[in-house]
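Structure file upload.cif (mmCIF, C-alpha atoms and all ligand atoms) follows.
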```
data_data
loop_
_atom_site.group_PDB
_atom_site.id
_atom_site.type_symbol
_atom_site.label_atom_id
_atom_site.label_comp_id
_atom_site.auth_asym_id
_atom_site.auth_seq_id
_atom_site.Cartn_x
_atom_site.Cartn_y
_atom_site.Cartn_z
ATOM 1 C CA MET W 1 93.588 123.790 60.687
ATOM 2 C CA THR W 2 90.022 124.922 60.419
ATOM 3 C CA GLU W 3 88.829 127.145 57.596
ATOM 4 C CA PRO W 4 87.777 130.662 58.672
ATOM 5 C CA THR W 5 84.018 130.815 58.692
ATOM 6 C CA THR W 6 81.791 133.682 57.711
ATOM 7 C CA SER W 7 78.409 133.545 59.395
ATOM 8 C CA PRO W 8 75.917 132.742 56.621
ATOM 9 C CA ARG W 9 72.883 134.947 56.655
ATOM 10 C CA THR W 10 69.569 133.176 56.889
ATOM 11 C CA ALA W 11 67.005 133.838 54.176
ATOM 12 C CA PRO W 12 64.321 136.321 55.169
ATOM 13 C CA VAL W 13 60.845 135.133 56.046
ATOM 14 C CA VAL W 14 58.605 136.035 53.105
ATOM 15 C CA VAL W 15 55.048 137.025 53.945
ATOM 16 C CA ARG W 16 52.323 137.765 51.439
ATOM 17 C CA THR W 17 49.199 138.422 53.461
ATOM 18 C CA ARG W 18 48.123 140.690 56.299
ATOM 19 C CA GLU W 19 47.391 137.636 58.458
ATOM 20 C CA GLU W 20 50.893 136.212 58.005
ATOM 21 C CA LEU W 21 52.330 139.606 58.803
ATOM 22 C CA ALA W 22 50.264 139.962 61.980
ATOM 23 C CA GLU W 23 51.443 136.543 63.199
ATOM 24 C CA LEU W 24 55.088 137.475 62.674
ATOM 25 C CA ARG W 25 55.088 140.877 64.306
ATOM 26 C CA PRO W 26 57.794 140.844 66.997
ATOM 27 C CA SER W 27 56.557 141.864 70.434
ATOM 28 C CA ALA W 28 59.817 143.477 71.604
ATOM 29 C CA GLY W 29 62.721 145.363 70.045
ATOM 30 C CA ARG W 30 62.960 148.070 67.451
ATOM 31 C CA THR W 31 61.551 147.327 63.998
ATOM 32 C CA ALA W 32 62.787 149.140 60.897
ATOM 33 C CA LEU W 33 60.903 149.301 57.620
ATOM 34 C CA VAL W 34 62.479 149.839 54.207
ATOM 35 C CA PRO W 35 59.585 150.378 51.774
ATOM 36 C CA THR W 36 60.497 149.542 48.169
ATOM 37 C CA MET W 37 58.920 148.702 44.847
ATOM 38 C CA GLY W 38 61.503 145.960 44.287
ATOM 39 C CA ALA W 39 64.091 145.746 41.476
ATOM 40 C CA LEU W 40 66.555 146.228 44.315
ATOM 41 C CA HIS W 41 69.917 147.848 43.569
ATOM 42 C CA SER W 42 72.865 149.250 45.498
ATOM 43 C CA GLY W 43 70.783 152.234 46.666
ATOM 44 C CA HIS W 44 68.379 149.822 48.359
ATOM 45 C CA ARG W 45 71.316 147.927 49.857
ATOM 46 C CA GLY W 46 72.368 151.236 51.433
ATOM 47 C CA LEU W 47 68.884 151.713 52.907
ATOM 48 C CA ILE W 48 68.877 148.189 54.323
ATOM 49 C CA ALA W 49 72.386 148.588 55.792
ATOM 50 C CA ALA W 50 71.318 151.846 57.462
ATOM 51 C CA ALA W 51 68.209 150.119 58.831
ATOM 52 C CA ARG W 52 70.191 147.173 60.201
ATOM 53 C CA GLY W 53 72.448 149.595 62.054
ATOM 54 C CA ARG W 54 69.520 151.147 63.912
ATOM 55 C CA ALA W 55 67.028 148.353 64.593
ATOM 56 C CA ASP W 56 66.648 144.855 66.013
ATOM 57 C CA SER W 57 64.715 143.592 63.023
ATOM 58 C CA VAL W 58 64.418 144.835 59.443
ATOM 59 C CA VAL W 59 61.353 144.465 57.258
ATOM 60 C CA VAL W 60 61.602 145.235 53.526
ATOM 61 C CA SER W 61 58.325 145.721 51.702
ATOM 62 C CA ILE W 62 58.209 145.019 47.969
ATOM 63 C CA PHE W 63 55.115 146.342 46.275
ATOM 64 C CA VAL W 64 54.680 148.141 42.958
ATOM 65 C CA ASN W 65 52.005 150.579 44.036
ATOM 66 C CA PRO W 66 49.466 151.238 41.243
ATOM 67 C CA LEU W 67 48.102 154.305 43.041
ATOM 68 C CA GLN W 68 51.267 156.351 42.474
ATOM 69 C CA PHE W 69 51.405 155.795 38.699
ATOM 70 C CA GLY W 70 49.564 157.978 36.224
ATOM 71 C CA PRO W 71 47.509 156.405 33.412
ATOM 72 C CA ASN W 72 50.297 156.818 30.819
ATOM 73 C CA GLU W 73 53.169 155.909 33.095
ATOM 74 C CA ASP W 74 55.265 152.739 33.374
ATOM 75 C CA TYR W 75 53.225 150.702 35.901
ATOM 76 C CA ASP W 76 52.910 147.703 33.557
ATOM 77 C CA ARG W 77 56.532 147.605 32.493
ATOM 78 C CA TYR W 78 58.035 148.523 35.889
ATOM 79 C CA PRO W 79 60.678 145.814 36.592
ATOM 80 C CA ARG W 80 59.386 142.988 38.803
ATOM 81 C CA THR W 81 62.291 140.817 39.952
ATOM 82 C CA LEU W 82 61.148 139.105 43.157
ATOM 83 C CA ASP W 83 63.608 136.179 43.048
ATOM 84 C CA SER W 84 66.685 138.361 42.730
ATOM 85 C CA ASP W 85 65.214 140.836 45.257
ATOM 86 C CA LEU W 86 64.910 138.013 47.793
ATOM 87 C CA ALA W 87 68.542 137.075 47.137
ATOM 88 C CA VAL W 88 69.580 140.703 47.805
ATOM 89 C CA CYS W 89 67.525 140.721 51.019
ATOM 90 C CA ALA W 90 69.167 137.466 52.155
ATOM 91 C CA GLU W 91 72.647 138.888 51.465
ATOM 92 C CA GLU W 92 71.812 142.057 53.370
ATOM 93 C CA GLY W 93 70.462 140.245 56.421
ATOM 94 C CA VAL W 94 66.822 141.317 56.092
ATOM 95 C CA ASP W 95 64.555 139.524 58.577
ATOM 96 C CA VAL W 96 61.189 139.790 56.854
ATOM 97 C CA VAL W 97 60.103 140.591 53.303
ATOM 98 C CA PHE W 98 56.505 141.712 52.942
ATOM 99 C CA ALA W 99 55.518 141.187 49.297
ATOM 100 C CA PRO W 100 51.752 141.610 49.059
ATOM 101 C CA ASP W 101 49.691 141.508 45.889
ATOM 102 C CA VAL W 102 47.463 144.357 44.759
ATOM 103 C CA GLU W 103 44.304 142.797 46.283
ATOM 104 C CA THR W 104 45.984 142.593 49.681
ATOM 105 C CA MET W 105 46.922 146.274 49.645
ATOM 106 C CA TYR W 106 43.767 147.473 47.873
ATOM 107 C CA PRO W 107 40.975 145.039 48.802
ATOM 108 C CA GLY W 108 38.315 147.483 47.587
ATOM 109 C CA PRO W 109 38.067 150.908 45.979
ATOM 110 C CA GLN W 110 40.405 153.359 47.727
ATOM 111 C CA THR W 111 37.971 156.106 48.657
ATOM 112 C CA VAL W 112 40.037 157.579 51.499
ATOM 113 C CA THR W 113 43.534 158.746 50.585
ATOM 114 C CA VAL W 114 46.232 160.865 52.200
ATOM 115 C CA HIS W 115 46.390 164.314 50.632
ATOM 116 C CA PRO W 116 49.900 165.804 50.504
ATOM 117 C CA GLY W 117 48.803 169.455 50.663
ATOM 118 C CA GLU W 118 50.558 172.187 48.701
ATOM 119 C CA MET W 119 53.875 170.361 48.653
ATOM 120 C CA GLY W 120 52.287 167.634 46.574
ATOM 121 C CA ALA W 121 51.196 170.056 43.860
ATOM 122 C CA VAL W 122 54.630 171.346 42.824
ATOM 123 C CA LEU W 123 57.486 169.748 40.854
ATOM 124 C CA GLU W 124 56.803 165.978 40.952
ATOM 125 C CA GLY W 125 53.207 166.771 41.873
ATOM 126 C CA GLU W 126 52.836 169.064 38.880
ATOM 127 C CA PHE W 127 54.353 166.641 36.365
ATOM 128 C CA ARG W 128 52.938 163.488 37.980
ATOM 129 C CA PRO W 129 49.510 164.448 39.334
ATOM 130 C CA GLY W 130 48.451 162.016 42.075
ATOM 131 C CA PHE W 131 51.983 160.727 42.623
ATOM 132 C CA CYS W 132 52.516 162.179 46.111
ATOM 133 C CA GLU W 133 49.005 161.201 47.207
ATOM 134 C CA GLY W 134 49.565 157.647 45.942
ATOM 135 C CA VAL W 135 52.871 157.411 47.807
ATOM 136 C CA LEU W 136 51.475 158.788 51.076
ATOM 137 C CA THR W 137 48.468 156.480 50.921
ATOM 138 C CA VAL W 138 50.510 153.314 50.393
ATOM 139 C CA VAL W 139 53.168 154.338 52.915
ATOM 140 C CA SER W 140 50.455 154.924 55.555
ATOM 141 C CA LYS W 141 49.043 151.481 54.813
ATOM 142 C CA LEU W 142 52.500 149.935 55.174
ATOM 143 C CA PHE W 143 53.037 151.828 58.439
ATOM 144 C CA ASN W 144 49.689 150.590 59.773
ATOM 145 C CA LEU W 145 50.304 146.991 58.724
ATOM 146 C CA ILE W 146 53.959 146.697 59.775
ATOM 147 C CA ARG W 147 53.980 149.231 62.625
ATOM 148 C CA PRO W 148 57.684 150.059 62.389
ATOM 149 C CA ASP W 149 59.484 152.276 64.893
ATOM 150 C CA ILE W 150 61.705 153.723 62.184
ATOM 151 C CA ALA W 151 61.514 153.847 58.381
ATOM 152 C CA PHE W 152 64.195 154.491 55.782
ATOM 153 C CA PHE W 153 63.826 156.321 52.453
ATOM 154 C CA GLY W 154 66.360 157.414 49.837
ATOM 155 C CA GLN W 155 67.284 161.093 49.544
ATOM 156 C CA LYS W 156 67.272 160.583 45.785
ATOM 157 C CA ASP W 157 63.478 160.926 45.988
ATOM 158 C CA ALA W 158 63.874 164.141 47.957
ATOM 159 C CA GLN W 159 60.326 165.452 47.519
ATOM 160 C CA GLN W 160 58.850 162.049 48.384
ATOM 161 C CA LEU W 161 60.986 162.002 51.539
ATOM 162 C CA ALA W 162 59.840 165.529 52.449
ATOM 163 C CA VAL W 163 56.119 164.754 52.028
ATOM 164 C CA ILE W 164 56.478 161.546 54.046
ATOM 165 C CA ARG W 165 58.231 163.453 56.857
ATOM 166 C CA ARG W 166 55.446 166.023 56.741
ATOM 167 C CA MET W 167 52.738 163.349 56.837
ATOM 168 C CA THR W 168 54.212 161.656 59.909
ATOM 169 C CA ARG W 169 54.479 165.045 61.622
ATOM 170 C CA ASP W 170 51.032 166.359 60.651
ATOM 171 C CA LEU W 171 49.245 163.056 61.362
ATOM 172 C CA CYS W 172 51.174 162.359 64.610
ATOM 173 C CA MET W 173 52.542 159.027 63.405
ATOM 174 C CA PRO W 174 54.985 157.678 66.017
ATOM 175 C CA ILE W 175 57.616 156.693 63.435
ATOM 176 C CA THR W 176 61.089 158.142 62.939
ATOM 177 C CA ILE W 177 61.810 158.874 59.273
ATOM 178 C CA VAL W 178 65.416 158.573 58.152
ATOM 179 C CA GLY W 179 66.726 159.839 54.804
ATOM 180 C CA VAL W 180 69.697 157.935 53.383
ATOM 181 C CA PRO W 181 72.131 159.645 50.967
ATOM 182 C CA THR W 182 71.867 158.897 47.255
ATOM 183 C CA VAL W 183 74.048 156.115 45.910
ATOM 184 C CA ARG W 184 75.664 156.790 42.517
ATOM 185 C CA ASP W 185 77.199 154.470 39.989
ATOM 186 C CA ALA W 186 80.854 155.087 39.050
ATOM 187 C CA ASP W 187 79.774 157.314 36.129
ATOM 188 C CA GLY W 188 77.722 159.556 38.444
ATOM 189 C CA LEU W 189 74.231 158.324 37.555
ATOM 190 C CA ALA W 190 72.040 158.070 40.657
ATOM 191 C CA THR W 191 70.953 154.446 41.173
ATOM 192 C CA SER W 192 67.322 153.854 40.287
ATOM 193 C CA SER W 193 65.221 150.840 39.384
ATOM 194 C CA ARG W 194 64.332 152.682 36.171
ATOM 195 C CA ASN W 195 67.982 152.816 35.002
ATOM 196 C CA VAL W 196 67.478 149.347 33.481
ATOM 197 C CA TYR W 197 65.319 151.014 30.814
ATOM 198 C CA LEU W 198 68.322 153.003 29.508
ATOM 199 C CA GLY W 199 70.310 151.805 26.502
ATOM 200 C CA PRO W 200 74.055 152.701 26.408
ATOM 201 C CA GLN W 201 73.537 155.870 24.357
ATOM 202 C CA GLU W 202 70.625 156.962 26.538
ATOM 203 C CA ARG W 203 72.696 156.372 29.626
ATOM 204 C CA ARG W 204 75.410 158.667 28.240
ATOM 205 C CA SER W 205 72.810 161.403 27.682
ATOM 206 C CA ALA W 206 71.358 160.796 31.159
ATOM 207 C CA LEU W 207 74.667 161.662 32.797
ATOM 208 C CA ALA W 208 73.856 165.310 32.036
ATOM 209 C CA LEU W 209 71.585 165.298 35.108
ATOM 210 C CA SER W 210 74.338 164.523 37.610
ATOM 211 C CA ARG W 211 76.755 166.782 35.708
ATOM 212 C CA ALA W 212 74.257 169.656 35.936
ATOM 213 C CA LEU W 213 73.852 169.120 39.684
ATOM 214 C CA LEU W 214 77.615 169.027 40.141
ATOM 215 C CA ALA W 215 78.011 172.255 38.163
ATOM 216 C CA GLY W 216 75.323 173.842 40.353
ATOM 217 C CA ALA W 217 77.007 172.604 43.536
ATOM 218 C CA ASP W 218 80.385 173.908 42.359
ATOM 219 C CA ALA W 219 78.784 177.335 41.903
ATOM 220 C CA SER W 220 77.148 177.359 45.345
ATOM 221 C CA VAL W 221 79.225 180.303 46.631
ATOM 222 C CA THR W 222 77.617 182.452 43.918
ATOM 223 C CA GLY W 223 74.127 182.007 45.426
ATOM 224 C CA PRO W 224 70.838 180.793 43.916
ATOM 225 C CA VAL W 225 71.055 182.660 40.608
ATOM 226 C CA GLY W 226 74.600 181.443 39.897
ATOM 227 C CA ILE W 227 73.754 177.871 40.922
ATOM 228 C CA LEU W 228 70.761 177.686 38.616
ATOM 229 C CA SER W 229 72.554 179.242 35.665
ATOM 230 C CA ALA W 230 75.546 176.842 36.034
ATOM 231 C CA ALA W 231 73.227 173.828 36.113
ATOM 232 C CA ARG W 232 71.073 175.194 33.276
ATOM 233 C CA ALA W 233 74.132 175.623 31.031
ATOM 234 C CA VAL W 234 74.876 171.884 31.274
ATOM 235 C CA LEU W 235 71.259 170.934 30.565
ATOM 236 C CA LYS W 236 71.123 173.337 27.623
ATOM 237 C CA GLU W 237 73.889 171.387 25.905
ATOM 238 C CA ALA W 238 72.201 168.092 26.725
ATOM 239 C CA VAL W 239 69.056 169.189 24.909
ATOM 240 C CA THR W 240 70.973 168.760 21.651
ATOM 241 C CA ALA W 241 72.582 165.399 22.594
ATOM 242 C CA THR W 242 71.565 162.149 20.895
ATOM 243 C CA PRO W 243 69.182 161.173 22.296
ATOM 244 C CA PRO W 244 68.225 164.567 23.749
ATOM 245 C CA VAL W 245 67.528 165.272 27.396
ATOM 246 C CA VAL W 246 64.055 166.772 27.739
ATOM 247 C CA VAL W 247 63.845 168.667 30.997
ATOM 248 C CA ASP W 248 60.638 168.720 33.074
ATOM 249 C CA TYR W 249 62.115 171.020 35.704
ATOM 250 C CA LEU W 250 65.280 172.330 37.282
ATOM 251 C CA ALA W 251 64.750 174.204 40.554
ATOM 252 C CA LEU W 252 66.472 175.287 43.725
ATOM 253 C CA VAL W 253 64.030 174.694 46.543
ATOM 254 C CA ASP W 254 63.561 174.832 50.274
ATOM 255 C CA PRO W 255 64.142 171.276 51.593
ATOM 256 C CA GLU W 256 60.988 171.336 53.738
ATOM 257 C CA THR W 257 58.415 173.018 51.512
ATOM 258 C CA PHE W 258 59.833 172.366 48.058
ATOM 259 C CA THR W 259 59.030 175.922 47.008
ATOM 260 C CA ASP W 260 61.663 177.977 45.144
ATOM 261 C CA VAL W 261 64.159 179.736 47.374
ATOM 262 C CA SER W 262 64.572 183.489 46.960
ATOM 263 C CA ALA W 263 67.519 184.981 45.037
ATOM 264 C CA ASP W 264 69.154 186.078 48.311
ATOM 265 C CA HIS W 265 68.513 182.795 50.141
ATOM 266 C CA ARG W 266 71.147 181.548 52.577
ATOM 267 C CA GLY W 267 71.086 178.220 54.422
ATOM 268 C CA GLU W 268 69.832 174.818 53.279
ATOM 269 C CA ALA W 269 68.451 174.214 49.787
ATOM 270 C CA VAL W 270 68.045 171.337 47.340
ATOM 271 C CA LEU W 271 68.867 171.559 43.655
ATOM 272 C CA VAL W 272 66.379 169.232 41.966
ATOM 273 C CA VAL W 273 66.056 168.094 38.379
ATOM 274 C CA ALA W 274 63.691 165.847 36.425
ATOM 275 C CA ALA W 275 64.109 164.993 32.752
ATOM 276 C CA TRP W 276 63.242 162.477 30.072
ATOM 277 C CA VAL W 277 65.774 160.516 28.070
ATOM 278 C CA GLY W 278 63.867 158.614 25.427
ATOM 279 C CA GLU W 279 60.981 156.863 27.198
ATOM 280 C CA THR W 280 62.617 157.063 30.622
ATOM 281 C CA ARG W 281 61.928 159.747 33.192
ATOM 282 C CA LEU W 282 64.754 160.371 35.651
ATOM 283 C CA ILE W 283 64.996 162.503 38.775
ATOM 284 C CA ASP W 284 68.028 163.550 40.777
ATOM 285 C CA ASN W 285 69.007 166.175 43.331
ATOM 286 C CA VAL W 286 71.824 167.484 45.454
ATOM 287 C CA PRO W 287 71.437 169.063 48.909
ATOM 288 C CA LEU W 288 73.349 172.344 49.247
ATOM 289 C CA THR W 289 74.250 174.733 52.027
ATOM 290 C CA LEU W 290 74.362 178.311 50.769
HETATM 291 O O1 LIG O 301 60.350 155.026 46.513
HETATM 292 C C1 LIG O 301 59.638 154.022 46.291
HETATM 293 O O2 LIG O 301 60.137 152.940 45.968
HETATM 294 C C2 LIG O 301 58.139 154.132 46.443
HETATM 295 O O3 LIG O 301 57.684 155.375 46.061
HETATM 296 C C3 LIG O 301 57.635 153.762 47.858
HETATM 297 C C4 LIG O 301 58.153 154.714 48.913
HETATM 298 C C5 LIG O 301 58.063 152.336 48.194
HETATM 299 C C6 LIG O 301 56.105 153.825 47.895
HETATM 300 O O4 LIG O 301 55.535 152.968 46.966
#
```
Rewrite the structure of this file - the entire thing - as structure tokens.
Amino acid sequence: MTEPTTSPRTAPVVVRTREELAELRPSAGRTALVPTMGALHSGHRGLIAAARGRADSVVVSIFVNPLQFGPNEDYDRYPRTLDSDLAVCAEEGVDVVFAPDVETMYPGPQTVTVHPGEMGAVLEGEFRPGFCEGVLTVVSKLFNLIRPDIAFFGQKDAQQLAVIRRMTRDLCMPITIVGVPTVRDADGLATSSRNVYLGPQERRSALALSRALLAGADASVTGPVGILSAARAVLKEAVTATPPVVVDYLALVDPETFTDVSADHRGEAVLVVAAWVGETRLIDNVPLTL
């Protein structure tokens, strides 16, 4: 009797330079791109699985982009775990991993950048000046280098996803952008590469973010004012937790413009939150239909 066989996945081709990438580019078929900064987790696995379902070949880029970090942010300590990332990519059936170094992506001073417009000045843009511009600039570079037909981004970074959609529309980029629902751990915390920074006590405090969003969602029949006050009540308690949750913003916004919805708004909205627990900044959101 023969043993049942599972088809082993072949390791992805790893390319580091633009030249290697250009040589590999497939001439036919649909190419998907999953842009990442590495430290891959189950949320990234979800992005890759979605990409595999809609393309003939999947490219994952792994690049910690200095342009989207502010001077006092965590660029230096951001987790860099290439070996385990490659193992994840092999398990998930990724065809190509593009893992350039900084000189490859930024061979000289970056004088031309992609400006996100008004949407890049609010919320994340207000608390992380230059973040949206840094993301759009590196994502455009990745699009130009890899030339995907379709690209996948997590809905957890809802504002990032919205500005990328807007960029492809406004700059006529022939790429379909797909948002993939947020993956949560069993305790409700949205998966994020930054979760590794959290100690056990900090993680307990951090759960206030998802609890606040859930409270807001549960109050959705009451409209914007009720949603915000339900979510705010949870965060108010978390301010006195040990360690405390220090809120940057809680807002109910239009999913396309990221401006606050009006008190009588009906239709689609996103409840977004950003907060610090210790040295770690976390963001989360839940899409709602009012
Ligand atoms: O979401 C991320 O990991 C990054 O912001 C992205 C889209 C890969 C750009 O550096």
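Atom CA of Gly223 of chain W to atom CA of Val261 of chain W spans 10.4 Å [interatomic distance, one decimal].
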Open item on the list: What's around Phe127 of chain W at 9 Å? Count all atoms listed in the file, leave out sequence neighbours fewer than 5 positions away in its own chain, and write the answer as a PyMOL selection string.
Closed with: chain W and resi 121-122+248-249
Open item on the list: Hey, which residues sit close to ligand LIG 301 (chain O)? Say within 7 Å, counting only C-alpha atoms and all ligand atoms, and write them as a PyMOL selection string.
Closed with: chain W and resi 35-37+63-65+135+138-139+153+157
Open item on the list: Restricting the calculation to only C-alpha atoms: of W:Ala99, W:Cys132, W:Val34, W:Ile283, which residue gets closest to Gly70 of chain W?
Closed with: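 Answer, going by the shortest atom-to-atom distance: W:Cys132.
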TODO: Just the residues within 12 Å of Ala212 of chain W, please, counting only C-alpha atoms, with nothing from its chain fewer than 6 positions along; format it as a PyMOL selection string.
DONE: chain W and resi 188-189+205-206+218-219+227-238+245+247+250-251+271-275+284-286
Tell me which protein, DNA and RNA residues are within 12 Å of Glu91 of chain W, counting all atoms listed in the file, leaving out same-chain ones fewer than 2 positions away, and put them as an mmCIF file with C-alpha atoms, in the coordinates of the input.
```cif
data_model
loop_
_atom_site.group_PDB
_atom_site.id
_atom_site.type_symbol
_atom_site.label_atom_id
_atom_site.label_comp_id
_atom_site.auth_asym_id
_atom_site.auth_seq_id
_atom_site.Cartn_x
_atom_site.Cartn_y
_atom_site.Cartn_z
ATOM 1 C CA SER W 7 78.409 133.545 59.395
ATOM 2 C CA PRO W 8 75.917 132.742 56.621
ATOM 3 C CA ARG W 9 72.883 134.947 56.655
ATOM 4 C CA THR W 10 69.569 133.176 56.889
ATOM 5 C CA ALA W 11 67.005 133.838 54.176
ATOM 6 C CA PRO W 12 64.321 136.321 55.169
ATOM 7 C CA LEU W 40 66.555 146.228 44.315
ATOM 8 C CA SER W 42 72.865 149.250 45.498
ATOM 9 C CA ARG W 45 71.316 147.927 49.857
ATOM 10 C CA ILE W 48 68.877 148.189 54.323
ATOM 11 C CA ALA W 49 72.386 148.588 55.792
ATOM 12 C CA SER W 84 66.685 138.361 42.730
ATOM 13 C CA ASP W 85 65.214 140.836 45.257
ATOM 14 C CA LEU W 86 64.910 138.013 47.793
ATOM 15 C CA ALA W 87 68.542 137.075 47.137
ATOM 16 C CA VAL W 88 69.580 140.703 47.805
ATOM 17 C CA CYS W 89 67.525 140.721 51.019
ATOM 18 C CA GLY W 93 70.462 140.245 56.421
ATOM 19 C CA VAL W 94 66.822 141.317 56.092
ATOM 20 C CA ASP W 95 64.555 139.524 58.577
#
```
TODO: Using atom CA of Leu67 of chain W and atom CA of Phe131 of chain W as the two end points, give the distance in Å to one decimal.
DONE: 7.5 Å
Open item on the list: Once the PyMOL selection byres (((chain W and resi 119) around 9) and not hetatm) is applied to the coordinates I shared, what remains selected? I want it as a VMD selection string.
Closed with: chain W and resid 116 to 118 120 to 123 125 132 159 162 to 163 256 to 259
Task: Pairwise distance for atom CA of Pro287 of chain W and atom CA of Glu268 of chain W, rounded to one decimal in Å - done: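 Between atom CA of Pro287 of chain W and atom CA of Glu268 of chain W the gap is 7.4 Å.
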Open item on the list: Using all atoms listed in the file for the distances, tell me which of W:Asp187, W:Asp170, W:Glu124, W:Asp83 is nearest to Val14 of chain W.
Closed with: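 Distance minimum relative to Val14 of chain W lands on W:Asp83.
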Task: Shortest interatomic distance to Leu198 of chain W - which of W:Pro148, W:Pro243, W:Gly46, W:Pro109, counting all atoms listed in the file - done: W:Pro243
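The shortest atom-to-atom distance to Leu145 of chain W, with all atoms listed in the file taken into account, belongs to W:Ala22 out of W:Val102, W:Val225, W:Val277, W:Ala22.
Ranking W:Arg211, W:Gln68, W:Phe98, W:Asn144 by their shortest atom-to-atom distance to Gly130 of chain W, with all atoms listed in the file included, puts W:Gln68 first.
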Considering all atoms listed in the file, tabulate each residue of segment 106-156 of chain W that lies at most 10 Å from segment 52-57 of chain W along with its nearest interatomic pair and the corresponding distance in Å to one decimal; arrange the rows by chain and ascending residue number and present them as CSV.
```
residue,atom,partner,partner_atom,distance
W:Pro148,CA,W:Ser57,CA,9.6
W:Asp149,CA,W:Ala55,CA,8.5
W:Ile150,CA,W:Ala55,CA,7.9
W:Ala151,CA,W:Ala55,CA,10.0
```
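Of the residues under consideration (W:Leu47, W:Ile164, W:Ala269, W:Val96), W:Ala269 shows the shortest atom-to-atom contact distance to Leu288 of chain W when counting all atoms listed in the file.
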With 3 Å of padding per side, what axis-aligned box (centre and edge lengths, Å, one decimal) covers all the listed atoms of segment 193-204 of chain W? Give it as JSON.
```
{"center_x": 69.9, "center_y": 154.0, "center_z": 31.9, "size_x": 17.1, "size_y": 15.3, "size_z": 21.0}
```
Task: Residue members of the PyMOL selection byres (((chain W and resi 80) around 9) and not hetatm) in the file shown, as a PyMOL selection string - done: chain W and resi 37-39+64+77-79+81-82+85
